[in-house]
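Comments concern the structure below.
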Amino acid sequence: LSYISGIEHIAAVEPVLESGMEISNGWMKKDIGLLALEPGATLYGITDREGRPAALPEQGILLPARLMDTLQLKVGNKAYLRSFYPGKNEEENKKAAPVMGVVSQFMGQSAVCSTDYVHYLLNEGAIVNAAYIKLDDPKFEQEVTDRLKGILSLEAIKSKAEIVANTQKAMEAQNNIIVFMILGAGILAFAVIYNIANINIFERRREIATLAVLGFNPAELKSLVFNENYFISALGIIGGILPGRLLLQYVVTMQNTDEMQMPVVLSPLSYLIAAALLILFTITANLLLGEKVTSINMVESLKSAE
């Protein structure tokens with residue numbers, strides 16, 4: 001690590017231990033990763049489920065919320081960890097570890113603890129097998145990566161750009177599904193608004209014809225019919241905010257897997273775009289049906305029975 005920290009453009013190096021372990025709670029068990037960080041480490045960035053910085057406990061472990069739900073664990077409960085290292089993977093080698101908090105993880109599922117605490121879990125002295133590196137300027141990422149590849153003792157190097165690219169590639173299929181869902185929702189919203197307005201005009205054609213005979217001009221007739229559409233759309237926007245968010249949370253939760261979890265992120269801009277699209281669909285439907293209002297046959301409509 002001292003050699004790596006001396007490479008040009010490397011601003012900081014933090015050693016970590018990455019290992020695999022079995023975690024269990026009663027009859028429930030799961031194979032997970034173990035990430036041990038040095039006290040005061042900042043490059044990994046531990047956060048809780050609300051995205052706030054989380055403190056690394058001196059004793060115990062931090063677990064992702066989904067793993068805690070799977071194993072039915074709560075903060076303060078004890079989980080049992082067993083190493084995969086030969087000679088230390090027997091049942092009697094299990095170590096009890098208190099769950100000290102919840103950590104946010106979107107890729108994989110790993111327990112997080114301090115490098116001091118991992119000595120207790122593994123019955124080993126100081127041991128690290130990986131490191132996080134911070135550059136003084138991201139533009140030197142490829143140059144530093146090439147230099148690190150020349151170190152024979154390094155088995156793998158993962159850059160931030162590479163991880164982001166792989167994640168984006170994995171998300172391409174999801175993005176296509178999302179686009180089709182948005183298009184489908186838009187078409188459905190337009191169809192509903194158009195049909196409601198069309199039915200409204202048909203059922204009120206006698207009333208519209210009467211008003212036309214009384215001297216209402218086309219603009220006034222249109223406003224009489226279409227203002228109701230704007231009112232209904234406004235109610236839909238206001239009333240759909242909470243159900244829409246809950247539905248999104250449900251859909252995203254159903255898409256989550258053990259290896260990848262997607263957070264629900266809804267900014268104010270998302271609500272504004274949804275509202276703007278609904279208003280656009282309403283205006284478009286009204287424009288398409290405007291001629292239908294003015295083309296009502298007054299004589300035939302007034303002759304029709306109530």
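Identifiers for the structure tokens are assigned positionally: chains receive A, B, ... in sequence, residues are indexed from 1 per chain, and ligands are indexed from 1 in the order shown.
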Can you pull out every residue within 10 Å of Ala55 (chain A), counting only C-alpha atoms, but drop anything in the same chain fewer than 4 positions away, and send it as a short mmCIF file (atom, residue, chain, number, x, y, z; two decimals) with N, CA and C atoms, in the first residue's frame?
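What landed in around22.cif:
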```cif
data_model
loop_
_atom_site.label_atom_id
_atom_site.label_comp_id
_atom_site.auth_asym_id
_atom_site.auth_seq_id
_atom_site.Cartn_x
_atom_site.Cartn_y
_atom_site.Cartn_z
N PRO A 39 -11.32 2.48 10.85
CA PRO A 39 -12.03 3.57 11.53
C PRO A 39 -11.65 4.92 10.93
N GLY A 40 -12.65 5.72 10.65
CA GLY A 40 -12.39 7.02 10.05
C GLY A 40 -12.30 7.00 8.53
N ALA A 41 -12.53 5.84 7.91
CA ALA A 41 -12.46 5.74 6.45
C ALA A 41 -13.56 6.60 5.82
N GLY A 45 -17.80 5.57 1.88
CA GLY A 45 -19.03 6.34 2.04
C GLY A 45 -20.19 5.52 2.55
N ILE A 46 -20.22 5.25 3.86
CA ILE A 46 -21.32 4.50 4.46
C ILE A 46 -22.49 5.45 4.70
N THR A 47 -23.67 5.06 4.23
CA THR A 47 -24.87 5.87 4.44
C THR A 47 -26.00 4.99 4.94
N ASP A 48 -26.94 5.60 5.67
CA ASP A 48 -28.11 4.86 6.12
C ASP A 48 -29.16 4.87 5.02
N LEU A 62 -22.91 -3.58 10.45
CA LEU A 62 -24.00 -2.87 9.78
C LEU A 62 -24.50 -3.77 8.65
N MET A 100 -25.71 -3.32 14.58
CA MET A 100 -25.66 -1.98 15.16
C MET A 100 -26.38 -0.92 14.33
N GLY A 101 -26.75 -1.27 13.12
CA GLY A 101 -27.43 -0.27 12.30
C GLY A 101 -27.70 -0.79 10.90
N VAL A 103 -27.37 -0.08 6.76
CA VAL A 103 -26.54 0.61 5.78
C VAL A 103 -27.22 0.50 4.41
#
```
Give me the residues within 12 Å of region 23-32 of chain A as a PyMOL selection string, counting only C-alpha atoms and dropping any in the same chain fewer than 2 places off.
-> chain A and resi 18-21+34-35+61+63-64+67-74+77-84+89+91+94-99+107-112+121+258-259
Close residues, Lys139 (chain A) itself excluded, 12 Å, only C-alpha atoms, min 6 positions apart in chain, as a PDB file with all heavy atoms, in the first residue's frame:
```pdb
ATOM      1  N   HIS A   9      -0.460  11.139  -8.836  1.00  0.00           N
ATOM      2  CA  HIS A   9      -1.885  11.456  -8.998  1.00  0.00           C
ATOM      3  C   HIS A   9      -2.787  10.691  -8.024  1.00  0.00           C
ATOM      4  O   HIS A   9      -4.003  10.847  -8.080  1.00  0.00           O
ATOM      5  CB  HIS A   9      -2.369  11.196 -10.430  1.00  0.00           C
ATOM      6  CG  HIS A   9      -1.587  11.915 -11.475  1.00  0.00           C
ATOM      7  ND1 HIS A   9      -1.384  13.287 -11.450  1.00  0.00           N
ATOM      8  CD2 HIS A   9      -0.930  11.455 -12.578  1.00  0.00           C
ATOM      9  CE1 HIS A   9      -0.655  13.644 -12.490  1.00  0.00           C
ATOM     10  NE2 HIS A   9      -0.356  12.559 -13.189  1.00  0.00           N
ATOM     11  N   ILE A  10      -2.223   9.860  -7.150  1.00  0.00           N
ATOM     12  CA  ILE A  10      -3.030   9.200  -6.120  1.00  0.00           C
ATOM     13  C   ILE A  10      -3.015  10.074  -4.872  1.00  0.00           C
ATOM     14  O   ILE A  10      -1.966  10.320  -4.285  1.00  0.00           O
ATOM     15  CB  ILE A  10      -2.506   7.791  -5.806  1.00  0.00           C
ATOM     16  CG1 ILE A  10      -2.757   6.864  -7.002  1.00  0.00           C
ATOM     17  CG2 ILE A  10      -3.184   7.228  -4.561  1.00  0.00           C
ATOM     18  CD1 ILE A  10      -2.333   5.430  -6.777  1.00  0.00           C
ATOM     19  N   THR A 145      -4.643   3.603 -13.659  1.00  0.00           N
ATOM     20  CA  THR A 145      -5.063   2.208 -13.829  1.00  0.00           C
ATOM     21  C   THR A 145      -4.004   1.410 -14.580  1.00  0.00           C
ATOM     22  O   THR A 145      -3.685   0.268 -14.212  1.00  0.00           O
ATOM     23  CB  THR A 145      -6.404   2.142 -14.587  1.00  0.00           C
ATOM     24  OG1 THR A 145      -7.403   2.841 -13.835  1.00  0.00           O
ATOM     25  CG2 THR A 145      -6.845   0.700 -14.779  1.00  0.00           C
ATOM     26  N   LYS A 160     -13.917   3.504 -11.143  1.00  0.00           N
ATOM     27  CA  LYS A 160     -15.272   4.029 -10.976  1.00  0.00           C
ATOM     28  C   LYS A 160     -15.984   4.128 -12.319  1.00  0.00           C
ATOM     29  O   LYS A 160     -17.165   3.791 -12.436  1.00  0.00           O
ATOM     30  CB  LYS A 160     -15.208   5.404 -10.303  1.00  0.00           C
ATOM     31  CG  LYS A 160     -16.566   6.004  -9.995  1.00  0.00           C
ATOM     32  CD  LYS A 160     -16.416   7.326  -9.257  1.00  0.00           C
ATOM     33  CE  LYS A 160     -17.773   7.935  -8.938  1.00  0.00           C
ATOM     34  NZ  LYS A 160     -17.624   9.228  -8.207  1.00  0.00           N
ATOM     35  N   ALA A 161     -15.255   4.566 -13.339  1.00  0.00           N
ATOM     36  CA  ALA A 161     -15.854   4.692 -14.669  1.00  0.00           C
ATOM     37  C   ALA A 161     -16.306   3.335 -15.196  1.00  0.00           C
ATOM     38  O   ALA A 161     -17.368   3.216 -15.821  1.00  0.00           O
ATOM     39  CB  ALA A 161     -14.854   5.331 -15.631  1.00  0.00           C
TER      40      ALA A 161
END
```
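Residues lying within 12 Å of Ile151 (chain A), counting only C-alpha atoms and ignoring same-chain neighbours fewer than 6 positions away, are Leu1, Tyr3, Ile4, Ile7, Val144, Thr145 and Ile157 of chain A.
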Based on the selection just made, write N, CA, C and O atoms of those residues as a PDB file, in the first residue's frame.
```pdb
ATOM      1  N   LEU A   1       0.818  -1.207   0.000  1.00  0.00           N
ATOM      2  CA  LEU A   1       0.000   0.000   0.000  1.00  0.00           C
ATOM      3  C   LEU A   1       0.857   1.264   0.000  1.00  0.00           C
ATOM      4  O   LEU A   1       0.473   2.283  -0.566  1.00  0.00           O
ATOM      5  N   TYR A   3       3.638   1.601  -1.521  1.00  0.00           N
ATOM      6  CA  TYR A   3       4.088   1.814  -2.895  1.00  0.00           C
ATOM      7  C   TYR A   3       2.965   2.430  -3.728  1.00  0.00           C
ATOM      8  O   TYR A   3       3.189   3.357  -4.513  1.00  0.00           O
ATOM      9  N   ILE A   4       1.743   1.928  -3.541  1.00  0.00           N
ATOM     10  CA  ILE A   4       0.607   2.442  -4.305  1.00  0.00           C
ATOM     11  C   ILE A   4       0.348   3.908  -3.972  1.00  0.00           C
ATOM     12  O   ILE A   4       0.094   4.727  -4.854  1.00  0.00           O
ATOM     13  N   ILE A   7       2.329   6.455  -5.935  1.00  0.00           N
ATOM     14  CA  ILE A   7       2.139   6.641  -7.376  1.00  0.00           C
ATOM     15  C   ILE A   7       1.581   8.035  -7.640  1.00  0.00           C
ATOM     16  O   ILE A   7       0.715   8.524  -6.919  1.00  0.00           O
ATOM     17  N   VAL A 144      -3.432   6.059 -14.152  1.00  0.00           N
ATOM     18  CA  VAL A 144      -3.152   5.373 -12.888  1.00  0.00           C
ATOM     19  C   VAL A 144      -3.534   3.897 -12.991  1.00  0.00           C
ATOM     20  O   VAL A 144      -2.813   3.023 -12.484  1.00  0.00           O
ATOM     21  N   THR A 145      -4.643   3.603 -13.659  1.00  0.00           N
ATOM     22  CA  THR A 145      -5.063   2.208 -13.829  1.00  0.00           C
ATOM     23  C   THR A 145      -4.004   1.410 -14.580  1.00  0.00           C
ATOM     24  O   THR A 145      -3.685   0.268 -14.212  1.00  0.00           O
ATOM     25  N   ILE A 157      -8.441  -4.823 -10.834  1.00  0.00           N
ATOM     26  CA  ILE A 157      -8.558  -3.379 -10.650  1.00  0.00           C
ATOM     27  C   ILE A 157      -9.896  -2.949 -11.230  1.00  0.00           C
ATOM     28  O   ILE A 157     -10.208  -3.251 -12.382  1.00  0.00           O
TER      29      ILE A 157
END
```
Check the DSSP output for the backbone and give back, as JSON, numbers by chain, the residues of region 52-296 of chain A in strand (DSSP E or B).
-> {"A": [53, 61, 62, 63, 64, 78, 79, 80, 81, 82, 83, 95, 96, 97, 98, 99, 100, 101, 102, 103, 107, 110, 111, 112, 113, 114, 130, 131, 132, 133, 134, 135, 260]}
So what do you get for CA of Ala173 (chain A) versus CA of Ile237 (chain A), distance-wise?
-> 29.2 Å
Counting only C-alpha atoms, closest pick from A:Leu56, A:Leu235, A:Val264, A:Ile178 relative to Leu247 (chain A) is A:Val264
Residues at most 8 Å from Arg49 (chain A), counting only C-alpha atoms, excluding those fewer than 4 positions away in the same chain, as a PyMOL selection string?
-> chain A and resi 65+102-104
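The neighbours of Ser114 (chain A) here are the residues that come within 8 Å of it, using only C-alpha atoms and leaving out any residue fewer than 4 positions away in the same chain; they are Ala36, Leu37, Glu38, Pro39, Leu56, Pro57, Glu58, Gln59 and Val118 of chain A.
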Could you pull out the helix (DSSP H, G or I) residues of region 6-133 of chain A from DSSP and send them as JSON, numbers by chain?
-> {"A": [65, 66, 67, 68, 69, 70, 71, 91, 92, 93, 115, 116, 117, 118, 119, 120, 121, 122]}
For those residues, write N, CA and C atoms to a file as a PDB file, in the first residue's frame.
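Result went into selection.pdb, see below:
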```
ATOM      1  N   ALA A  65     -30.801  -3.128   4.596  1.00  0.00           N
ATOM      2  CA  ALA A  65     -32.177  -3.346   5.063  1.00  0.00           C
ATOM      3  C   ALA A  65     -32.790  -4.601   4.454  1.00  0.00           C
ATOM      4  N   ARG A  66     -32.538  -4.850   3.167  1.00  0.00           N
ATOM      5  CA  ARG A  66     -33.152  -6.010   2.517  1.00  0.00           C
ATOM      6  C   ARG A  66     -32.653  -7.314   3.135  1.00  0.00           C
ATOM      7  N   LEU A  67     -31.376  -7.363   3.483  1.00  0.00           N
ATOM      8  CA  LEU A  67     -30.831  -8.561   4.122  1.00  0.00           C
ATOM      9  C   LEU A  67     -31.434  -8.748   5.512  1.00  0.00           C
ATOM     10  N   MET A  68     -31.629  -7.648   6.224  1.00  0.00           N
ATOM     11  CA  MET A  68     -32.239  -7.738   7.548  1.00  0.00           C
ATOM     12  C   MET A  68     -33.674  -8.249   7.450  1.00  0.00           C
ATOM     13  N   ASP A  69     -34.385  -7.814   6.414  1.00  0.00           N
ATOM     14  CA  ASP A  69     -35.751  -8.309   6.222  1.00  0.00           C
ATOM     15  C   ASP A  69     -35.745  -9.801   5.896  1.00  0.00           C
ATOM     16  N   THR A  70     -34.797 -10.228   5.071  1.00  0.00           N
ATOM     17  CA  THR A  70     -34.715 -11.639   4.690  1.00  0.00           C
ATOM     18  C   THR A  70     -34.454 -12.528   5.899  1.00  0.00           C
ATOM     19  N   LEU A  71     -33.569 -12.070   6.777  1.00  0.00           N
ATOM     20  CA  LEU A  71     -33.197 -12.868   7.949  1.00  0.00           C
ATOM     21  C   LEU A  71     -34.019 -12.516   9.187  1.00  0.00           C
ATOM     22  N   GLU A  91     -19.028 -25.311  12.213  1.00  0.00           N
ATOM     23  CA  GLU A  91     -20.151 -24.764  12.976  1.00  0.00           C
ATOM     24  C   GLU A  91     -19.682 -24.098  14.265  1.00  0.00           C
ATOM     25  N   GLU A  92     -18.660 -24.678  14.880  1.00  0.00           N
ATOM     26  CA  GLU A  92     -18.178 -24.106  16.139  1.00  0.00           C
ATOM     27  C   GLU A  92     -17.413 -22.799  15.941  1.00  0.00           C
ATOM     28  N   ASN A  93     -17.109 -22.470  14.686  1.00  0.00           N
ATOM     29  CA  ASN A  93     -16.394 -21.222  14.408  1.00  0.00           C
ATOM     30  C   ASN A  93     -17.325 -20.022  14.238  1.00  0.00           C
ATOM     31  N   THR A 115     -12.084  -2.802  10.694  1.00  0.00           N
ATOM     32  CA  THR A 115     -10.978  -3.754  10.560  1.00  0.00           C
ATOM     33  C   THR A 115     -10.573  -4.313  11.922  1.00  0.00           C
ATOM     34  N   ASP A 116     -10.805  -3.560  12.972  1.00  0.00           N
ATOM     35  CA  ASP A 116     -10.503  -4.077  14.310  1.00  0.00           C
ATOM     36  C   ASP A 116     -11.473  -5.191  14.686  1.00  0.00           C
ATOM     37  N   TYR A 117     -12.743  -5.029  14.320  1.00  0.00           N
ATOM     38  CA  TYR A 117     -13.749  -6.026  14.698  1.00  0.00           C
ATOM     39  C   TYR A 117     -13.607  -7.301  13.874  1.00  0.00           C
ATOM     40  N   VAL A 118     -13.080  -7.181  12.661  1.00  0.00           N
ATOM     41  CA  VAL A 118     -12.952  -8.371  11.821  1.00  0.00           C
ATOM     42  C   VAL A 118     -11.915  -9.333  12.396  1.00  0.00           C
ATOM     43  N   HIS A 119     -11.010  -8.826  13.217  1.00  0.00           N
ATOM     44  CA  HIS A 119     -10.048  -9.716  13.873  1.00  0.00           C
ATOM     45  C   HIS A 119     -10.785 -10.701  14.775  1.00  0.00           C
ATOM     46  N   TYR A 120     -11.828 -10.227  15.427  1.00  0.00           N
ATOM     47  CA  TYR A 120     -12.643 -11.097  16.280  1.00  0.00           C
ATOM     48  C   TYR A 120     -13.417 -12.120  15.440  1.00  0.00           C
ATOM     49  N   LEU A 121     -13.930 -11.672  14.292  1.00  0.00           N
ATOM     50  CA  LEU A 121     -14.732 -12.569  13.459  1.00  0.00           C
ATOM     51  C   LEU A 121     -13.896 -13.667  12.813  1.00  0.00           C
ATOM     52  N   LEU A 122     -12.663 -13.331  12.426  1.00  0.00           N
ATOM     53  CA  LEU A 122     -11.834 -14.281  11.680  1.00  0.00           C
ATOM     54  C   LEU A 122     -10.727 -14.906  12.515  1.00  0.00           C
TER      55      LEU A 122
END
```
When distances are computed from only C-alpha atoms, which of A:Val16, A:Ala170, A:Tyr132, A:Phe202 shows the smallest separation from Lys158 (chain A)?
-> A:Tyr132
Please indicate the distance in Å from CA of Val13 (chain A) to CA of Gly60 (chain A), rounded to one decimal place.
-> 24.4 Å
Test item: residues at most 12 Å from Leu221 (chain A), only C-alpha atoms, excluding those fewer than 3 positions along its chain, as a ChimeraX atom specification | /A:201,204-205,207-218,224-228,289-296
